[in-house]
Amino acid sequence: MEVRAFNDGIAFRFILAGEGRRIPDEATTFEIPNGSTVWFHDFEGHYEGVHRKKEITAVKEGEWAAPPLTIKLPKQSGYAAITEAAVINYAGMGLRADGQRGFTTVLGHALPVSHPFDLRYGKAEAKRLSQPAAIDGTITTPWRVIMVGPDLNTLVNCDLINNLSPPPDKRIFPQGLSTDWVKPGRAVWRYLDGGENTFEGIKEFSRLAGQLGFEYNVVEGIWQRWTEKQIRDLVDYSSQQNVKLWFWKHSRSLRTPQAREEFFSLLERLGVVGAKIDFFDHEAKEIIDVYQALLRSSAEHKVMVEFHGANKPAGESRTWPNEMTREAIRGLEYRSMNLRSVHNTTLPFTRFLAGHADYTPVHFGERRRETSWAHQIASSIVFTSPLLIYGAHPQRILENPAAGLIKTIPSVWDETIVLPQSEIGELAAFARRSGDVWFAGVMNGLAGRTIRVPLDFLRPGKYRATLVRDQQNEPAAVKIENPLVSHRDILMIRMRAGGGFVGRFNHPDPAGASRPS
C-alpha cells in the first residue's frame, strides 16, 4: 500500500507484484463523519447526473455515487471530496453506500449500466463488459484520492489529481506541457441554438467565430458526408478567419489500431486540429484502455481531443496534454432541466473538482431556464474547460450587449480564487486572473440576494472595470457599467433569483471615470 500526504489531502493505491494473469477486485470503504452533508449523483446517466444534497445519515444502503463525492464536514470544520487519479490499465471506480455512513469502491465492470450505454450498445454488450477484467503482471490500482480543506477555495484549487498522474511521455511530448500544437481556446458549435446543418452553414459559423475572435469551430458528424476537397475548402476558409476546426467521431468506429491510425492521419493531413470523440458511457477496463489508445494515437498525429459521453477525468490531461476537455457533466444539452441555477452553483464544488468539463456554457434562449443572462455569461468564467465551447449561436453572442466582454473571456487561467460568499448549491463566486486582467464570475441560486465583494484580490492601483449586472425585472437583459475601481473598493452586487454578475478589471487605467455604485 503506497500512501502520499499533501497539505490539501491524501492519496493511496495498492501495488501487487506478481507474474501471470490475475483478476483484481477491491472493497475499500470510506467512512464519512457523523453530521456531514454530502453531494452526489448516481449512474443512471453515467456521469451526466444531477447532484443530490443529503445528510450522511440519510444515505441508504445501495445508493450509488459517481465520483467526485463532495462532503461538508460537521461543525464548520471544512470540506472533503473523494475521487481517483491515474486510471491506467485498470477499471474506473464508482462508490456504493453501505447505509452506515460508508461508501465502498466498486470497479467499472460491476457498476450499474447507464441509460446512455443501454441505448447505444444494448444489453448483450453490457453483459459482456460486466465480466471483471484480467491484468498481466504487476497490478497497480489507481490512486484513491481524498481532498481536504478548510474552505471551498482550498478544495477548488487542490492539485492532487494532476500531481498524482504520470508526466507526459517525452518521446511524444518533448516539450512537456509547453507543446506548441496544443492550444486552448474558445469555440462555436452548431447544435444547441440553431443554424443550418449544411456545408455553407458550418462555413458561416467559422466566419462568425472569426468575428468573435474565437479560435475554433466544432463540427458534428456532417463532415463525414463531404469530399476531401470540400473539407480542405472549409479548412482554408476557416483559416482565413483565424479559426481552426474540430471534427466529431463515434468512439465505436475507433476501437482498433488501424481505425485510429486512419482517422487521426486523415485529420492531420487535412489540417483539422481536433477530434470530438463521443459515446463511451462505461468504465470497464476495456473502455479505459480505449481512452488511453485514443490519446496516444491522436498525440502521435498532433491532434487535440475532447471526449463526450465520457467518464470523469482522472488526471489524463497531465499525461496527455492534448486532452483539452471532456463532458462527463449534465450541461446545456439537457434542454428541459429544472432548477438549473441550483445545478450550476453545485457543479464547481462537485464535478469540477475532478477536472475540466465541457458543459457548453452560455445560452440566451429558453435552455437557460430560470437563470439570467448575467448568470449565463458568468458560467463561462466559473466553469473550467481549456476548450471552451459556447452553447449560444455566435450571432446571438455578437448581438448581446455584453459581447465586448464575452470576446475577452479566456479559456485558461493563471490564478483562481473562490470568494468566501460561495455556498454549494446556492452561490458560486469566483475571481480568476489571466495575465494582468482579473475577471469575476458570480452565479446565484434560487434566492435573490445582495452580496458585498471586496476587490482586495486586485493589485494596488486603478483598474478600469466592466461590470455586467442583472436587470432585476428582466432576466433576458443586462446592465453594463464602466467605473474606475481599486483594491480598496467593495462592490455591492444585487442579484435576482437565478441571477448573476460578471466583472472584468483591466490594470492600469487612466483616471477620469466614476466610482462604483
# chains A, B, ... in the order shown; residues from 1 in each chain; ligands from 1
$ residues_around --residues "Gly185 in chain A" --least-positions-apart "4" --cutoff "6 Å" --atoms "only C-alpha atoms" --output "list in words"
Glu215, Leu387 and Ser411 of chain A
$ write_last_selection --atoms "C-alpha atoms" --output "JSON list (two decimals), in the first residue's frame"
[["chain", "number", "residue", "atom", "x", "y", "z"],
["A", 215, "GLU", "CA", -10.15, 30.10, -32.12],
["A", 387, "LEU", "CA", -11.55, 24.08, -24.97],
["A", 411, "SER", "CA", -10.42, 29.56, -21.68]]
$ residues_around --residues "Arg21 in chain A" --least-positions-apart "5" --cutoff "8 Å" --atoms "only C-alpha atoms" --output "list in words"
Ala134, Ile135, Asp136 and Gly137 of chain A
$ closest_residue --among "A:Ile71, A:Ala392, A:Val182, A:Leu267" --to "Lys53 in chain A" --atoms "only C-alpha atoms"
A:Ile71
$ closest_residue --among "A:Ala374, A:Leu208, A:Ile493, A:Ala110" --to "Ser341 in chain A" --atoms "only C-alpha atoms"
A:Ala374
$ residues_around --residues "Val148 in chain A" --least-positions-apart "2" --cutoff "6 Å" --atoms "only C-alpha atoms" --output "ChimeraX atom specification"
/A:8-9,79-80
$ write_last_selection --atoms "N, CA and C atoms" --output "tab-separated table (two decimals), in the first residue's frame"
chain	number	residue	atom	x	y	z
A	8	ASP	N	-3.29	19.46	1.26
A	8	ASP	CA	-4.72	19.54	0.98
A	8	ASP	C	-5.32	18.17	0.65
A	9	GLY	N	-4.75	17.11	1.23
A	9	GLY	CA	-5.37	15.81	1.05
A	9	GLY	C	-4.38	14.66	1.14
A	79	TYR	N	-14.20	20.94	4.31
A	79	TYR	CA	-14.77	20.18	3.20
A	79	TYR	C	-13.82	19.06	2.80
A	80	ALA	N	-14.37	18.07	2.12
A	80	ALA	CA	-13.58	16.97	1.58
A	80	ALA	C	-14.24	16.49	0.30
$ residues_around --residues "Val156 in chain A" --least-positions-apart "5" --cutoff "8 Å" --atoms "only C-alpha atoms" --output "PyMOL selection string"
chain A and resi 348-349+352-353+418
$ write_last_selection --atoms "C-alpha atoms" --output "short mmCIF file (atom, residue, chain, number, x, y, z; two decimals), in the first residue's frame"
data_model
loop_
_atom_site.label_atom_id
_atom_site.label_comp_id
_atom_site.auth_asym_id
_atom_site.auth_seq_id
_atom_site.Cartn_x
_atom_site.Cartn_y
_atom_site.Cartn_z
CA PRO A 348 -17.97 23.99 -9.33
CA PHE A 349 -17.70 22.24 -5.97
CA PHE A 352 -15.33 20.26 -11.48
CA LEU A 353 -13.16 19.09 -8.60
CA VAL A 418 -13.19 31.13 -4.74
#
$ select_by_dssp --residues "range 400-455 of chain A" --states "alpha helix (DSSP H)" --output "PyMOL selection string"
chain A and resi 403-406
$ residues_around --residues "Phe457 in chain A" --least-positions-apart "4" --cutoff "9 Å" --atoms "only C-alpha atoms" --output "list in words"
Ile417, Ala431, Trp438 and His487 of chain A
$ residues_around --residues "range 462-467 of chain A" --least-positions-apart "3" --cutoff "12 Å" --atoms "only C-alpha atoms" --output "PyMOL selection string"
chain A and resi 374+377-378+401-406+408+436-442+455+457-459+470+478-489+491-493+500-517
$ atom_distance --atom1 "CA of His356 in chain A" --atom2 "CA of Ile146 in chain A"
18.3 Å
$ closest_residue --among "A:Asn338, A:Thr140, A:Gln224, A:Asn162" --to "Ala314 in chain A" --atoms "only C-alpha atoms"
A:Asn162
$ select_by_dssp --residues "range 151-274 of chain A" --states "strand (DSSP E or B)" --output "list of chain:residue names"
A:Gly185, A:Arg186, A:Ala187, A:Val188, A:Trp189, A:Tyr216, A:Asn217, A:Val218, A:Val219, A:Lys244, A:Leu245, A:Trp246, A:Phe247, A:Trp248, A:Lys249, A:His250, A:Gly274
$ closest_residue --among "A:Leu388, A:Leu160, A:Ile381, A:Ala476" --to "Met443 in chain A" --atoms "only C-alpha atoms"
A:Ile381
$ closest_residue --among "A:Ala91, A:Ala259, A:Leu16, A:Leu129" --to "Lys285 in chain A" --atoms "only C-alpha atoms"
A:Ala91
$ residues_around --residues "Gly201 in chain A" --least-positions-apart "4" --cutoff "12 Å" --atoms "only C-alpha atoms" --output "ChimeraX atom specification"
/A:189-191,194-197,205-208,217,219,222-223,234,393
$ write_last_selection --atoms "all heavy atoms" --output "compact mmCIF listing (two decimals), in the first residue's frame"
# COMPACT_ATOMS: atom_id res chain seq x y z
N TRP A 189 -20.29 26.27 -31.86
CA TRP A 189 -20.81 24.91 -32.05
C TRP A 189 -22.25 24.99 -32.55
O TRP A 189 -23.11 25.52 -31.86
CB TRP A 189 -20.73 24.15 -30.72
CG TRP A 189 -21.20 22.73 -30.76
CD1 TRP A 189 -20.97 21.80 -31.72
CD2 TRP A 189 -21.95 22.06 -29.73
NE1 TRP A 189 -21.53 20.60 -31.37
CE2 TRP A 189 -22.13 20.73 -30.15
CE3 TRP A 189 -22.47 22.46 -28.50
CZ2 TRP A 189 -22.84 19.80 -29.39
CZ3 TRP A 189 -23.16 21.54 -27.73
CH2 TRP A 189 -23.34 20.22 -28.17
N ARG A 190 -22.50 24.47 -33.76
CA ARG A 190 -23.85 24.50 -34.31
C ARG A 190 -24.61 23.27 -33.84
O ARG A 190 -24.58 22.23 -34.48
CB ARG A 190 -23.79 24.52 -35.85
CG ARG A 190 -25.15 24.86 -36.49
CD ARG A 190 -25.55 23.89 -37.56
NE ARG A 190 -25.79 22.57 -37.06
CZ ARG A 190 -26.95 22.15 -36.50
NH1 ARG A 190 -27.97 22.96 -36.35
NH2 ARG A 190 -27.07 20.90 -36.06
N TYR A 191 -25.29 23.42 -32.72
CA TYR A 191 -26.08 22.28 -32.23
C TYR A 191 -27.20 22.73 -31.31
O TYR A 191 -28.34 22.30 -31.45
CB TYR A 191 -25.17 21.29 -31.49
CG TYR A 191 -25.83 19.95 -31.21
CD1 TYR A 191 -25.91 18.98 -32.19
CD2 TYR A 191 -26.37 19.67 -29.96
CE1 TYR A 191 -26.52 17.75 -31.95
CE2 TYR A 191 -26.98 18.45 -29.70
CZ TYR A 191 -27.06 17.50 -30.70
OH TYR A 191 -27.67 16.29 -30.44
N GLY A 194 -29.55 26.63 -33.01
CA GLY A 194 -29.91 26.94 -34.39
C GLY A 194 -28.72 27.10 -35.31
O GLY A 194 -27.56 26.94 -34.91
N GLY A 195 -29.03 27.39 -36.56
CA GLY A 195 -28.01 27.45 -37.61
C GLY A 195 -28.17 26.29 -38.56
O GLY A 195 -28.59 25.20 -38.18
N GLU A 196 -27.87 26.52 -39.83
CA GLU A 196 -28.06 25.49 -40.85
C GLU A 196 -27.02 24.39 -40.71
O GLU A 196 -25.83 24.66 -40.65
CB GLU A 196 -27.97 26.11 -42.24
CG GLU A 196 -29.10 27.06 -42.58
CD GLU A 196 -29.00 27.57 -44.00
OE1 GLU A 196 -28.18 27.02 -44.78
OE2 GLU A 196 -29.73 28.52 -44.34
N ASN A 197 -27.50 23.14 -40.70
CA ASN A 197 -26.59 22.00 -40.63
C ASN A 197 -26.22 21.58 -42.04
O ASN A 197 -26.53 20.49 -42.51
CB ASN A 197 -27.26 20.84 -39.87
CG ASN A 197 -26.28 19.74 -39.53
OD1 ASN A 197 -25.09 19.99 -39.39
ND2 ASN A 197 -26.76 18.52 -39.41
N PHE A 205 -20.53 29.58 -39.57
CA PHE A 205 -20.11 29.54 -38.17
C PHE A 205 -18.62 29.87 -38.03
O PHE A 205 -18.21 30.51 -37.06
CB PHE A 205 -20.44 28.19 -37.54
CG PHE A 205 -21.74 28.18 -36.79
CD1 PHE A 205 -22.93 28.51 -37.43
CD2 PHE A 205 -21.78 27.86 -35.45
CE1 PHE A 205 -24.13 28.51 -36.75
CE2 PHE A 205 -22.99 27.86 -34.75
CZ PHE A 205 -24.17 28.19 -35.39
N SER A 206 -17.82 29.44 -38.97
CA SER A 206 -16.40 29.81 -38.94
C SER A 206 -16.23 31.31 -39.12
O SER A 206 -15.39 31.94 -38.45
CB SER A 206 -15.62 29.06 -40.02
OG SER A 206 -15.44 27.71 -39.70
N ARG A 207 -17.03 31.90 -40.00
CA ARG A 207 -16.94 33.35 -40.20
C ARG A 207 -17.31 34.09 -38.92
O ARG A 207 -16.63 35.04 -38.51
CB ARG A 207 -17.87 33.78 -41.34
CG ARG A 207 -17.77 35.27 -41.69
CD ARG A 207 -18.78 35.68 -42.74
NE ARG A 207 -20.14 35.67 -42.23
CZ ARG A 207 -20.68 36.66 -41.50
NH1 ARG A 207 -19.96 37.73 -41.20
NH2 ARG A 207 -21.92 36.57 -41.09
N LEU A 208 -18.38 33.65 -38.27
CA LEU A 208 -18.82 34.31 -37.04
C LEU A 208 -17.84 34.07 -35.90
O LEU A 208 -17.63 34.95 -35.06
CB LEU A 208 -20.22 33.80 -36.67
CG LEU A 208 -21.33 34.19 -37.65
CD1 LEU A 208 -22.62 33.46 -37.30
CD2 LEU A 208 -21.55 35.70 -37.66
N ASN A 217 -14.03 26.05 -34.36
CA ASN A 217 -15.38 25.70 -34.76
C ASN A 217 -15.49 24.18 -34.65
O ASN A 217 -14.74 23.46 -35.31
CB ASN A 217 -15.65 26.17 -36.20
CG ASN A 217 -17.05 25.84 -36.70
OD1 ASN A 217 -17.89 25.34 -35.96
ND2 ASN A 217 -17.30 26.13 -37.97
N VAL A 219 -17.34 20.82 -35.40
CA VAL A 219 -18.23 20.34 -36.46
C VAL A 219 -18.71 18.93 -36.10
O VAL A 219 -17.90 18.03 -35.87
CB VAL A 219 -17.51 20.32 -37.82
CG1 VAL A 219 -18.46 19.88 -38.93
CG2 VAL A 219 -16.91 21.70 -38.13
N ILE A 222 -21.69 15.71 -39.66
CA ILE A 222 -21.99 16.03 -41.06
C ILE A 222 -20.73 16.05 -41.93
O ILE A 222 -20.79 15.80 -43.14
CB ILE A 222 -22.72 17.40 -41.15
CG1 ILE A 222 -23.22 17.63 -42.57
CG2 ILE A 222 -21.85 18.53 -40.64
CD1 ILE A 222 -24.04 18.89 -42.74
N TRP A 223 -19.56 16.28 -41.34
CA TRP A 223 -18.33 16.35 -42.13
C TRP A 223 -18.06 15.04 -42.87
O TRP A 223 -17.39 15.04 -43.92
CB TRP A 223 -17.13 16.69 -41.24
CG TRP A 223 -16.72 15.59 -40.30
CD1 TRP A 223 -17.16 15.37 -39.04
CD2 TRP A 223 -15.78 14.54 -40.58
NE1 TRP A 223 -16.57 14.26 -38.49
CE2 TRP A 223 -15.71 13.73 -39.41
CE3 TRP A 223 -15.00 14.19 -41.67
CZ2 TRP A 223 -14.89 12.60 -39.33
CZ3 TRP A 223 -14.17 13.07 -41.59
CH2 TRP A 223 -14.11 12.30 -40.43
N LEU A 234 -13.15 24.11 -46.56
CA LEU A 234 -13.61 24.63 -45.27
C LEU A 234 -12.43 24.96 -44.36
O LEU A 234 -12.43 25.99 -43.67
CB LEU A 234 -14.54 23.62 -44.59
CG LEU A 234 -15.11 24.05 -43.23
CD1 LEU A 234 -15.97 25.31 -43.37
CD2 LEU A 234 -15.91 22.93 -42.60
N HIS A 393 -25.69 30.48 -30.25
CA HIS A 393 -25.37 30.79 -31.64
C HIS A 393 -24.43 32.00 -31.64
O HIS A 393 -24.67 32.99 -30.93
CB HIS A 393 -26.65 31.12 -32.40
CG HIS A 393 -26.49 31.19 -33.88
ND1 HIS A 393 -25.73 32.16 -34.52
CD2 HIS A 393 -27.01 30.42 -34.89
CE1 HIS A 393 -25.79 31.99 -35.82
NE2 HIS A 393 -26.55 30.93 -36.08
